[in-house]
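A.B. asks: One structure coming up, written as structure tokens, with questions to follow.
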Amino acid sequence: MTLGQSLTRLDARAKVTGDALFPGDVNIPGQLWMKVLFARRPHARIKRLDISKAQAAPGVVYVFTARDVPVNEFGLGAKDAPVLNNDEIRWVGEKVALVVAETEKQAEHARDLIEVEYEDLPPITDPREAMKPGAYQVHPHYPGNIIKHIPIRKGDVEQGFAQCDVIVESEYHTPYQEHAYLQPEAGVAYIDEQGRVTVIVGGQWTHEDQSQIAHALALPLDQVRVIYPNVGGAFGGREDMSVQIILALAAYKLRRPVKIIWSREESIIGHHKRHPMWIKHKLGATRDGKLVAAQIQIISDAGPYVYTSAKVLGNAAFGAAGPYEIPNVRVDAYTVATHNIVTGAFRGFGAPQAHFAAETQINKLAEKLGMDPVELRLKNVLREGSLLSTQTPLPGGTVSLPQVVSECAEKFGWSKRSAVSGQQSAVSGRRSAVGVGFACALKNIGFSFGYQENAWAKVELHGGAEIEQVIVYHAAAEVGQGAHTVLAQIAANALNVPIEKIEMRVADTAMTESSGSVSASRMTYIGGNAVKGACELALKKWHDEERPAIAEYKYLAPKTTNFDPETGKSKPNIAYGYVAQAVEVEVDTETGFVRVVRVTCADDVGKAVNPRMIEGQIEGAVVQAQGWTIQENFITKDGYVLTPNLSTYLIPGVLDVPERVDSVILEYPDSDGPWGVRGMAEMPFIPLAAAIIAAVHDATGVWFDEFPLTPWRVLEKIKRAKDAK
Ligand code: MOS
């Protein structure tokens, strides 16, 4: 049994010694270097573009502009973005030209010799303004600037609110977040021995990159190859194209290897961010704490191109009512085009924003009702057979929300919290207030919403009397989350062989078919089912004396349906994960500084394949969500990014992380996951903001409907609350 063991990661040693190669570490003899000319203005028309000086500069091999791109469009949700834009600039990270030279310095020097004459135009930077009739149309595909509207209608909210004894109404705003992965975008492209244009790069889905490159270069798929080596983090930030297409374009045209490494500043300007959302939330309940009605409006800022915004909006709309059964729900969710930086996937994929609002509403409601927030949750959380706002029940067997909520409360010592709350801290020696807060969440596993979820794997069993070697072919990206180790454990378990016999051949489109994206907490579940299925088929052949025994398997998940365009009615997902968090904070009322003291996170993972890696995911998600809630402050003004590096965009450092994160791993098996596995990597991110905000309220008496909880914001609000008294 390798399942359930905290085996050392396959890549641990190489990463510790520095032997592991990341895209920026791969060098090919004779390689050229590329630099991108970004527009660095939010809205403008290019009047004149002159590359002659750059072309003539020392070392320059070629300068690419829009006319060099065979099919000048790309995008995950829709191909609505130009690879190179020489026309109307719509955001600061738009790529205008590419310079390829013998050295990086020469490429950089020549890039600065490109002459562009812009006519700056006024940018639209508030999606609420962009939605108004008569607003400037940001993109020809999106009249009225509404890229997508998702309505959900369940029951009758007017009647529902009429029955309510207590109603809470609030307006929330959630901020941008930068992925801040360890390695900025990098890669190298070349023509391989079979003549294929090949890109070694970091991403989340080899075959999606391959298909977008092939589209832009007007090449058949088999003429494009994508390889992922080790990838320095992703978190959703590598779902969309960054350097993939431009590298392939240059190597294809020049027939020489071409390399690029973005600086941190280029990375922050050049890739999408977590969506800011404006959420109006009205929630009503009876006096005894039964939820009756919820009405929610969500507006998300997409920037000018869709990227994954429409899909993220789906998750936000789905999560808007929170993890509760509410008989009457009305949701209107919009994602809107603006001239701000593009937005897209980031751990949680819309669920964190939606749950922040929904869970803060529940905490406010508990206060209004004079009811314990855990008790209020236990009265209303979704259970087996409960109908979601999409009017269908949750699949997969146990709906463990009551269990994660109860376990989290118990392990945290929730019932003893009055001993903590509102006290002066003895530790800090300053005037500080301590408080506790609670929140919970559900999150879908996989893309679904009508998409046929799938993953492919192939397994070879070599040996004679017994299996001596197992080769697993799989396309899963290892972005630091441990996917390869987990899939090897799944193979070892399915074949009943020690993990040492497993060899992984992974993440190369020339060797594998698609296993889908490492996104949506899906790979252990969906990719794991593919590996398990391939192992079982190979084992059958092995028992039939085939040597080597080779089997391929494509896992197809149960069917789902998309939102009905009028009511949102759907069977949206194949599986879910459930999570609850309790938080203790300390607020320094002189400086406004918020410190997270401890977090208890109860997460139902179905089956813990590698418990230590799950703890790592929980701790990482907690720190990342804490950053979003407290420290990180991505500032834009008139479409410009004012925090384009890690000295101005502060992520939590070692002194900021909680003193303790207690992981409580629950295992209520999902009926379709391999050995009951549920996905889990996003879940511990989702409830934290609401739990922290509730804890800060407990400490200070003040509700924060927007964050980050920077010291100035905290101080100012506390002061205003005092003045109002
Ligand atoms: Mo993700 S945000 O589903 O990579």
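Within each chain, counting starts at residue 1; across the structure tokens, chains are named A, B, ... in the order shown, with ligands numbered 1 upward in that order.
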Taking only C-alpha atoms and all ligand atoms and a cut-off of 8 Å, can you tell me which residues surround ligand 1, written as a short mmCIF file (atom, residue, chain, number, x, y, z; two decimals) with C-alpha atoms, in the first residue's frame?
C.D. replies:
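Once written, selection_12.cif looks like this:
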```cif
data_model
loop_
_atom_site.label_atom_id
_atom_site.label_comp_id
_atom_site.auth_asym_id
_atom_site.auth_seq_id
_atom_site.Cartn_x
_atom_site.Cartn_y
_atom_site.Cartn_z
CA GLN A 204 -0.34 23.85 -16.69
CA ALA A 234 1.64 28.16 -11.28
CA PHE A 235 -1.51 28.64 -9.14
CA GLY A 236 -3.57 29.32 -12.27
CA GLY A 237 -1.16 31.98 -13.52
CA ARG A 238 0.24 29.71 -16.20
CA GLU A 239 -3.09 28.63 -17.64
CA GLY A 344 -7.91 34.96 -15.04
CA ALA A 345 -7.32 31.78 -13.14
CA PHE A 346 -5.89 31.88 -9.64
CA ARG A 347 -6.23 29.15 -7.02
CA GLY A 348 -9.91 28.84 -6.25
CA PHE A 349 -11.01 30.17 -9.63
CA SER A 517 -4.76 20.90 -17.00
CA VAL A 518 -3.34 20.95 -13.52
CA SER A 519 -6.23 23.20 -12.56
CA ALA A 520 -9.48 23.06 -10.70
CA SER A 521 -7.98 20.66 -8.10
CA GLU A 682 -7.62 25.04 -3.91
#
```
A.B. asks: Let's see if you can do this: from backbone DSSP, list all strand (DSSP E) residues in region 630-715 of chain A, as a PDB file with C-alpha atoms, in the first residue's frame.
C.D. replies:
```pdb
ATOM      1  CA  THR A 636      -3.515  50.096 -10.373  1.00  0.00           C
ATOM      2  CA  LYS A 637      -4.294  53.634 -11.422  1.00  0.00           C
ATOM      3  CA  TYR A 640      -1.371  51.373 -15.053  1.00  0.00           C
ATOM      4  CA  VAL A 641       0.168  48.927 -12.590  1.00  0.00           C
ATOM      5  CA  ARG A 660       0.479  27.555  13.745  1.00  0.00           C
ATOM      6  CA  VAL A 661      -1.517  25.929  10.988  1.00  0.00           C
ATOM      7  CA  ASP A 662      -3.264  22.790  12.201  1.00  0.00           C
ATOM      8  CA  SER A 663      -4.312  20.545   9.334  1.00  0.00           C
ATOM      9  CA  VAL A 664      -7.222  18.254  10.011  1.00  0.00           C
ATOM     10  CA  ILE A 665      -7.488  15.766   7.159  1.00  0.00           C
ATOM     11  CA  LEU A 666     -10.835  14.009   6.789  1.00  0.00           C
TER      12      LEU A 666
END
```
A.B. asks: So that I can check the secondary structure, give me every residue of region 477-551 of chain A assigned alpha helix (DSSP H) by backbone DSSP, as an MDAnalysis selection string.
C.D. replies: chainID A and resid 483:495 528:543
A.B. asks: Separation of CA of Ala477 (chain A) and CA of Ala625 (chain A), in Å?
C.D. replies: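 Calculated distance between CA of Ala477 (chain A) and CA of Ala625 (chain A) is 22.9 Å.
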A.B. asks: Go ahead and compute the interatomic distance for CA of Thr174 (chain A) and CA of Lys719 (chain A), in Å to one decimal.
C.D. replies: 22.1 Å
A.B. asks: Could you give me, as a tab-separated table, a per-residue list for region 584-697 of chain A showing, wherever an atom lies at most 9 Å from an atom of region 361-368 of chain A, the closest pair of atoms and their distance in Å to one decimal, using only C-alpha atoms and sorting by chain then residue number from low to high?
C.D. replies:
```
residue	atom	partner	partner_atom	distance
A:Ala690	CA	A:Asn363	CA	8.4
A:Ala691	CA	A:Asn363	CA	8.8
A:Ala694	CA	A:Asn363	CA	6.7
```
A.B. asks: Please save C-alpha atoms of the selected residues as a compact mmCIF listing (two decimals), in the first residue's frame.
C.D. replies:
```txt
# COMPACT_ATOMS: atom_id res chain seq x y z
CA ALA A 690 -13.93 35.45 5.50
CA ALA A 691 -12.55 33.72 8.59
CA ALA A 694 -14.68 37.63 11.13
```
A.B. asks: Neighbours of Glu375 (chain A) within 12 Å (only C-alpha atoms; same-chain residues fewer than 2 positions away dropped), as a PyMOL selection string?
C.D. replies: chain A and resi 288-290+362-363+365-367+369-373+377-381+402+405-406+409+414-415+438-439
A.B. asks: At a cut-off of 9 Å, using only C-alpha atoms, what residues contact Glu169 (chain A)? Leave out same-chain residues fewer than 6 positions from it and give the result as a list in words.
C.D. replies: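 Final neighbour list, sorted by chain and number: Lys280, His281, Lys282, Leu283, Gly284 and Gln361 of chain A.
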A.B. asks: Using only C-alpha atoms, which protein or nucleic acid residues come within 8 Å of region 221-227 of chain A? Drop anything in the same chain fewer than 5 positions from it, and give the result as number ranges by chain.
C.D. replies: A: 195-201, 206-207, 209-211, 213-214, 507-510
A.B. asks: Can those selected residues be exported to a file as a CSV table (one decimal), in the first residue's frame so that it contains all heavy atoms?
C.D. replies:
```
chain,number,residue,atom,x,y,z
A,195,GLY,N,11.9,17.7,-36.8
A,195,GLY,CA,11.5,18.9,-37.5
A,195,GLY,C,10.3,19.6,-36.8
A,195,GLY,O,9.7,20.5,-37.4
A,196,ARG,N,9.9,19.2,-35.6
A,196,ARG,CA,8.8,19.9,-35.0
A,196,ARG,C,9.3,21.1,-34.2
A,196,ARG,O,10.3,21.1,-33.6
A,196,ARG,CB,8.2,18.9,-33.9
A,196,ARG,CG,7.5,17.7,-34.5
A,196,ARG,CD,7.0,16.8,-33.4
A,196,ARG,NE,8.2,16.1,-32.8
A,196,ARG,CZ,8.1,14.9,-32.3
A,196,ARG,NH1,7.0,14.2,-32.2
A,196,ARG,NH2,9.2,14.3,-31.8
A,197,VAL,N,8.5,22.2,-34.3
A,197,VAL,CA,8.8,23.3,-33.4
A,197,VAL,C,8.5,22.9,-32.0
A,197,VAL,O,7.4,22.5,-31.7
A,197,VAL,CB,8.2,24.6,-33.9
A,197,VAL,CG1,6.6,24.5,-33.9
A,197,VAL,CG2,8.6,25.8,-33.0
A,198,THR,N,9.5,23.0,-31.1
A,198,THR,CA,9.4,22.5,-29.8
A,198,THR,C,9.6,23.6,-28.8
A,198,THR,O,10.6,24.3,-28.9
A,198,THR,CB,10.4,21.3,-29.6
A,198,THR,OG1,10.2,20.4,-30.6
A,198,THR,CG2,10.4,20.7,-28.3
A,199,VAL,N,8.8,23.6,-27.8
A,199,VAL,CA,8.9,24.6,-26.7
A,199,VAL,C,9.1,24.0,-25.4
A,199,VAL,O,8.2,23.2,-25.0
A,199,VAL,CB,7.7,25.6,-26.7
A,199,VAL,CG1,7.9,26.8,-25.8
A,199,VAL,CG2,7.4,26.1,-28.1
A,200,ILE,N,10.2,24.3,-24.7
A,200,ILE,CA,10.3,23.9,-23.3
A,200,ILE,C,10.0,25.1,-22.5
A,200,ILE,O,10.6,26.1,-22.5
A,200,ILE,CB,11.8,23.5,-23.1
A,200,ILE,CG1,12.2,22.3,-23.9
A,200,ILE,CG2,12.0,23.1,-21.6
A,200,ILE,CD1,13.6,21.8,-23.8
A,201,VAL,N,8.9,24.9,-21.7
A,201,VAL,CA,8.3,26.1,-21.0
A,201,VAL,C,7.6,25.6,-19.8
A,201,VAL,O,7.5,24.4,-19.6
A,201,VAL,CB,7.4,26.7,-22.0
A,201,VAL,CG1,6.1,25.9,-22.3
A,201,VAL,CG2,7.0,28.2,-21.7
A,206,THR,N,0.1,20.9,-21.2
A,206,THR,CA,0.9,20.8,-22.4
A,206,THR,C,0.1,20.9,-23.7
A,206,THR,O,0.5,21.6,-24.6
A,206,THR,CB,1.7,19.5,-22.4
A,206,THR,OG1,0.8,18.4,-22.0
A,206,THR,CG2,2.9,19.5,-21.4
A,207,HIS,N,-1.0,20.1,-23.7
A,207,HIS,CA,-1.7,20.0,-25.0
A,207,HIS,C,-2.5,21.2,-25.3
A,207,HIS,O,-2.8,21.4,-26.5
A,207,HIS,CB,-2.6,18.7,-24.9
A,207,HIS,CG,-1.8,17.4,-25.0
A,207,HIS,ND1,-1.0,17.1,-23.9
A,207,HIS,CD2,-1.6,16.5,-25.9
A,207,HIS,CE1,-0.4,15.9,-24.2
A,207,HIS,NE2,-0.7,15.6,-25.5
A,209,ASP,N,-1.4,24.3,-24.6
A,209,ASP,CA,-0.3,25.1,-25.1
A,209,ASP,C,0.0,24.8,-26.6
A,209,ASP,O,0.1,25.6,-27.5
A,209,ASP,CB,1.0,25.0,-24.3
A,209,ASP,CG,0.9,25.6,-22.9
A,209,ASP,OD1,-0.2,26.1,-22.5
A,209,ASP,OD2,1.9,25.7,-22.3
A,210,GLN,N,0.1,23.4,-26.8
A,210,GLN,CA,0.4,22.9,-28.1
A,210,GLN,C,-0.7,23.4,-29.1
A,210,GLN,O,-0.4,23.9,-30.2
A,210,GLN,CB,0.4,21.4,-28.1
A,210,GLN,CG,0.7,20.7,-29.5
A,210,GLN,CD,0.3,19.3,-29.4
A,210,GLN,OE1,-0.6,18.8,-28.7
A,210,GLN,NE2,1.1,18.5,-30.2
A,211,SER,N,-1.9,23.3,-28.7
A,211,SER,CA,-3.0,23.7,-29.7
A,211,SER,C,-3.0,25.2,-29.9
A,211,SER,O,-3.3,25.6,-31.1
A,211,SER,CB,-4.3,23.1,-29.2
A,211,SER,OG,-5.3,24.1,-28.9
A,213,ILE,N,-0.4,27.2,-29.8
A,213,ILE,CA,0.7,27.5,-30.6
A,213,ILE,C,0.4,27.1,-32.1
A,213,ILE,O,0.7,27.9,-33.0
A,213,ILE,CB,2.0,26.7,-30.1
A,213,ILE,CG1,2.4,27.3,-28.8
A,213,ILE,CG2,3.1,26.9,-31.1
A,213,ILE,CD1,3.4,26.4,-28.0
A,214,ALA,N,-0.1,25.9,-32.3
A,214,ALA,CA,-0.4,25.4,-33.6
A,214,ALA,C,-1.4,26.4,-34.3
A,214,ALA,O,-1.2,26.7,-35.5
A,214,ALA,CB,-0.9,24.0,-33.6
A,507,ALA,N,4.6,14.9,-19.3
A,507,ALA,CA,4.5,16.3,-19.8
A,507,ALA,C,5.3,16.6,-21.0
A,507,ALA,O,6.1,17.5,-21.1
A,507,ALA,CB,4.9,17.2,-18.6
A,508,ASP,N,5.1,15.7,-22.0
A,508,ASP,CA,5.8,16.0,-23.3
A,508,ASP,C,4.7,15.5,-24.4
A,508,ASP,O,4.4,14.3,-24.4
A,508,ASP,CB,7.1,15.1,-23.4
A,508,ASP,CG,7.8,15.3,-24.8
A,508,ASP,OD1,7.1,15.8,-25.7
A,508,ASP,OD2,8.9,14.8,-24.9
A,509,THR,N,4.3,16.5,-25.2
A,509,THR,CA,3.2,16.1,-26.1
A,509,THR,C,3.6,15.1,-27.1
A,509,THR,O,2.8,14.4,-27.8
A,509,THR,CB,2.7,17.4,-26.9
A,509,THR,OG1,3.8,18.0,-27.6
A,509,THR,CG2,2.1,18.4,-25.9
A,510,ALA,N,5.0,14.9,-27.3
A,510,ALA,CA,5.4,13.9,-28.3
A,510,ALA,C,5.3,12.5,-27.7
A,510,ALA,O,5.4,11.5,-28.5
A,510,ALA,CB,6.9,14.2,-28.6
```
